[in-house]
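Here the structure is laid out as structure tokens; the discussion comes afterwards.
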Amino acid sequence: MTDLPALDELEHRLRDHLHARQEALVSDLETMVAIPSGQGHVPGMDRMRELMVGRLEALGATTEVFDGDPRPTWLLGASDAAPPPTAVCSRPREGAGPKILIAGHLDTVHDPEDTFISLTHEADGISRGPGAADMKGGLLVALAALEALDAEGVECHWTYLLNSDEETGTFCSERHLEDAARQHDVGLVIEPALPDGSLVVERMGSGQFMIEVDGLSAHVGREFERGISAVKTLAEVMSQILALADPANGKIVNIGPLKGGGATNAVPEHAACWGNMRFAHPEAQASLAAEVEAIEANFSTDELGRPLPEDHLPRVTIHRTFNRPAKPQTEGVTAVAMAARAVAEDLGGEMPFGKTGGVCDANVLQSVGLPCVDTLGIRGGNLHRRDEYVEIESLWERAALFAILMKRIAMGETDLDLG
Ligand SMILES: [Zn+2]
């Protein structure tokens with residue numbers, strides 16, 4: 001037994017159990033990474049789901065699989081592929097006790113046809129593979145933790161939610177995430193830790209939009225004045241939308257790509273652009289939402305504020321969705337984060353806290369009131385790149401951290417107010 005005096009006997013057993021399993025976990029990760037589940041590859045996502053569900057059911061979980069909701073059709077690169085399903089595996093325990101929701105995504109960003117298709121190990125403890133960090137390593141960290149808790153007889157009420165569209169905005173699974181969040185007390189999401197092991201406690205929110213303009217085509221030389229340029233109006237709308245950016249007050253607006261017109265000698269009839277907004281807090285989101293609405297209304301009403309007729313040109317439509325609300329550091333988040341930090345320190349490590357403008361499914365879960373921390377997965381880096389890596393020893397280390405954190409939450413040994 002290692003000399004970690006702050007751990008109790010059960011926690012020591014959980015840690016030693018997972019340490020002893022490292023070789024098997026590495027082989028599990030090799031299997032997972034070799035399953036291509038990127039870019040909507042249905043057979044790969046199905047195999048990943050079967051693998052995870054099989055292991056969770058072996059622990060006594062029951063599974064519900066929900067059909068995915070359709071994505072908004074105006075999204076950039078929206079595919080017409082069938083929306084992937086969401087699997088929800090639950091193992092309630094008898095009696096009271098906090099309900100823990102673990103959320104992970106089976107999809108990656110990697111091309112299933114690429115040559116970067118397997119986990120390779122380097123001498124310095126670094127292993128590279130597509131999705132190894134984001135987030136197959138994380139899926140395995142939480143799975144191994146649950147298996148260790150089960151083997152050591154720790155009673156814990158948990159649900160493990162597995163979606164397949166996180167990398168494309170969670171449009172198909174958002175409703176199921178929100179439903180699950182409402183039924184639980186605390187959320188643990190297994191995105192990779194920042195490279196130094198930091199835990200993210202605050203995230204910006206993100207929204208997508210598309211501006212579409214219809215005008216009237218005309219020959220530039222013969223009847224220019226008859227034409228109504230969609231590009232000209234789009235440029236006006238875009239400059240107003242871009243002017244909403246106010247980074248000092250937590251508002252970011254980016255536009256691109258864009259398209260419009262067909263030939264230089266024709267007044268463009270259609271023009272469109274896509275963009276992304278980021279907001280640091282709910283107030284910034286509300287302010288952006290109101291400003292975009294006002295801009296759209298301004299292009300759809302006359303000088304007296306009366307709505308223009310349906311067929312009026314130019315016609316401006318701003319499609320938008322604030323699909324990832326901001327995830328501020330609430331009191332609940334602080335309590336879970338402090339509990340996680342205490343476990344890291346008791347295991348002989350440390351856990352700094354960080355912030356990011358990146359978004360993940362914890363944004364959705366927390367938006368309906370579930371306190372969440374979301375970088376409890378493996379340590380690694382170069383996410384979404386062809387040299388994505390994990391620190392292979394962190395597999396068992398992070399699994400031990402996850403297991404002990406769950407044990408302390410389940411046994412009421414943290415400062416979490418779950419009343
Ligand atoms: Zn991820």
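Within each chain, counting starts at residue 1; across the structure tokens, chains are named A, B, ... in the order shown, with ligands numbered 1 upward in that order.
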Subject >> Environment of ligand 1 within 6 Å, counting only C-alpha atoms and all ligand atoms, reported as a ChimeraX atom specification >> reply: /A:134-135,191
Please dump the current selection as a tab-separated table (two decimals), in the first residue's frame; keep N, CA and C atoms.
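Output (out38.tsv):
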```tsv
chain	number	residue	atom	x	y	z
A	134	ASP	N	-9.94	12.91	-26.58
A	134	ASP	CA	-11.27	13.51	-26.75
A	134	ASP	C	-12.16	12.57	-27.55
A	135	MET	N	-12.94	11.67	-26.86
A	135	MET	CA	-12.77	11.46	-25.44
A	135	MET	C	-12.79	10.00	-25.07
A	191	GLU	N	-14.57	15.22	-20.48
A	191	GLU	CA	-13.68	15.84	-21.46
A	191	GLU	C	-12.26	15.77	-20.91
```
Using DSSP on the backbone, list every residue of region 198-374 of chain A that comes out as alpha helix (DSSP H), and give them as a compact mmCIF listing (two decimals) with C-alpha atoms, in the first residue's frame.
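The resulting file, part.txt, is shown below:
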```txt
# COMPACT_ATOMS: atom_id res chain seq x y z
CA VAL A 220 -25.71 44.96 -64.55
CA GLY A 221 -25.35 46.76 -67.92
CA ARG A 222 -28.96 46.80 -69.11
CA GLU A 223 -31.18 47.23 -66.03
CA ALA A 230 -28.59 40.69 -51.82
CA VAL A 231 -24.84 41.12 -51.34
CA LYS A 232 -25.19 44.83 -50.60
CA THR A 233 -27.84 44.20 -47.95
CA LEU A 234 -25.90 41.27 -46.50
CA ALA A 235 -22.88 43.54 -46.13
CA GLU A 236 -25.00 46.05 -44.20
CA VAL A 237 -26.45 43.39 -41.91
CA MET A 238 -23.04 41.81 -41.38
CA SER A 239 -21.42 45.07 -40.36
CA GLN A 240 -24.17 45.66 -37.79
CA ILE A 241 -23.87 42.11 -36.43
CA LEU A 242 -20.07 42.28 -36.25
CA PRO A 282 -26.19 34.69 -19.36
CA GLU A 283 -26.47 38.51 -19.42
CA ALA A 284 -24.14 38.68 -22.43
CA GLN A 285 -26.24 36.01 -24.15
CA ALA A 286 -29.47 37.91 -23.44
CA SER A 287 -27.98 41.14 -24.72
CA LEU A 288 -26.72 39.53 -27.95
CA ALA A 289 -30.10 37.85 -28.46
CA ALA A 290 -31.96 41.16 -28.09
CA GLU A 291 -29.53 43.02 -30.37
CA VAL A 292 -29.75 40.41 -33.14
CA GLU A 293 -33.53 40.50 -32.89
CA ALA A 294 -33.50 44.28 -33.21
CA ILE A 295 -31.27 44.17 -36.28
CA GLU A 296 -33.51 41.60 -37.96
CA ALA A 297 -36.60 43.65 -37.11
CA ASN A 298 -34.95 46.77 -38.49
CA GLU A 331 -21.60 27.75 -5.96
CA GLY A 332 -22.45 24.17 -6.92
CA VAL A 333 -19.60 24.07 -9.44
CA THR A 334 -17.18 25.38 -6.84
CA ALA A 335 -18.24 22.68 -4.39
CA VAL A 336 -17.72 19.84 -6.93
CA ALA A 337 -14.45 21.37 -8.14
CA MET A 338 -13.13 21.72 -4.57
CA ALA A 339 -14.10 18.09 -3.89
CA ALA A 340 -12.22 16.99 -7.03
CA ARG A 341 -9.19 19.08 -6.04
CA ALA A 342 -9.19 17.51 -2.56
CA VAL A 343 -9.09 14.02 -4.12
CA ALA A 344 -6.26 15.04 -6.47
CA GLU A 345 -4.26 16.40 -3.54
CA ASP A 346 -4.98 13.36 -1.37
CA ASP A 361 -22.01 19.21 -23.11
CA ALA A 362 -21.58 20.46 -19.55
CA ASN A 363 -22.80 23.84 -20.88
CA VAL A 364 -26.11 22.17 -21.75
CA LEU A 365 -26.36 20.14 -18.53
CA GLN A 366 -25.67 23.11 -16.29
CA SER A 367 -28.10 25.35 -18.19
```
Original post:
Please, which residues of region 213-346 of chain A, numbered as in this document, come out strand (DSSP E or B) from DSSP, as a ChimeraX atom specification?
Top reply: /A:213-214,216,219,228,246,251-260,266,270-279,301,307,315-324,327
**OP:** Extract, using only C-alpha atoms, all DNA, RNA and protein residues at most 6 Å from region 202-219 of chain A, discarding same-chain residues fewer than 6 positions from it, and format them as a PyMOL selection string.
**Re:** chain A and resi 227-230+266-280+313-329+355-357
**OP:** Please identify all polymer residues within 10 Å of Asp67 (chain A), counting only C-alpha atoms, omitting same-chain residues fewer than 3 positions from it, and present them as a list in words.
**Re:**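 Here the qualifying residues turn out to be Pro70, Ala82, Pro83, Pro84, Pro85, Thr86, Ala87, Cys172, Ser173 and His176 of chain A.
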Original post:
Pro352 (chain A): which residues within 10 Å, counting only C-alpha atoms, same-chain residues fewer than 4 positions away excluded, as a PyMOL selection string?
Top reply: chain A and resi 194+196-201+337+341+344
**OP:** Using only C-alpha atoms, find the one residue out of A:Ile100, A:Cys89, A:Ile252, A:Cys372 that sits nearest to Cys156 (chain A).
**Re:**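 Nearest candidate to Cys156 (chain A) out of A:Ile100, A:Cys89, A:Ile252, A:Cys372: A:Ile100.
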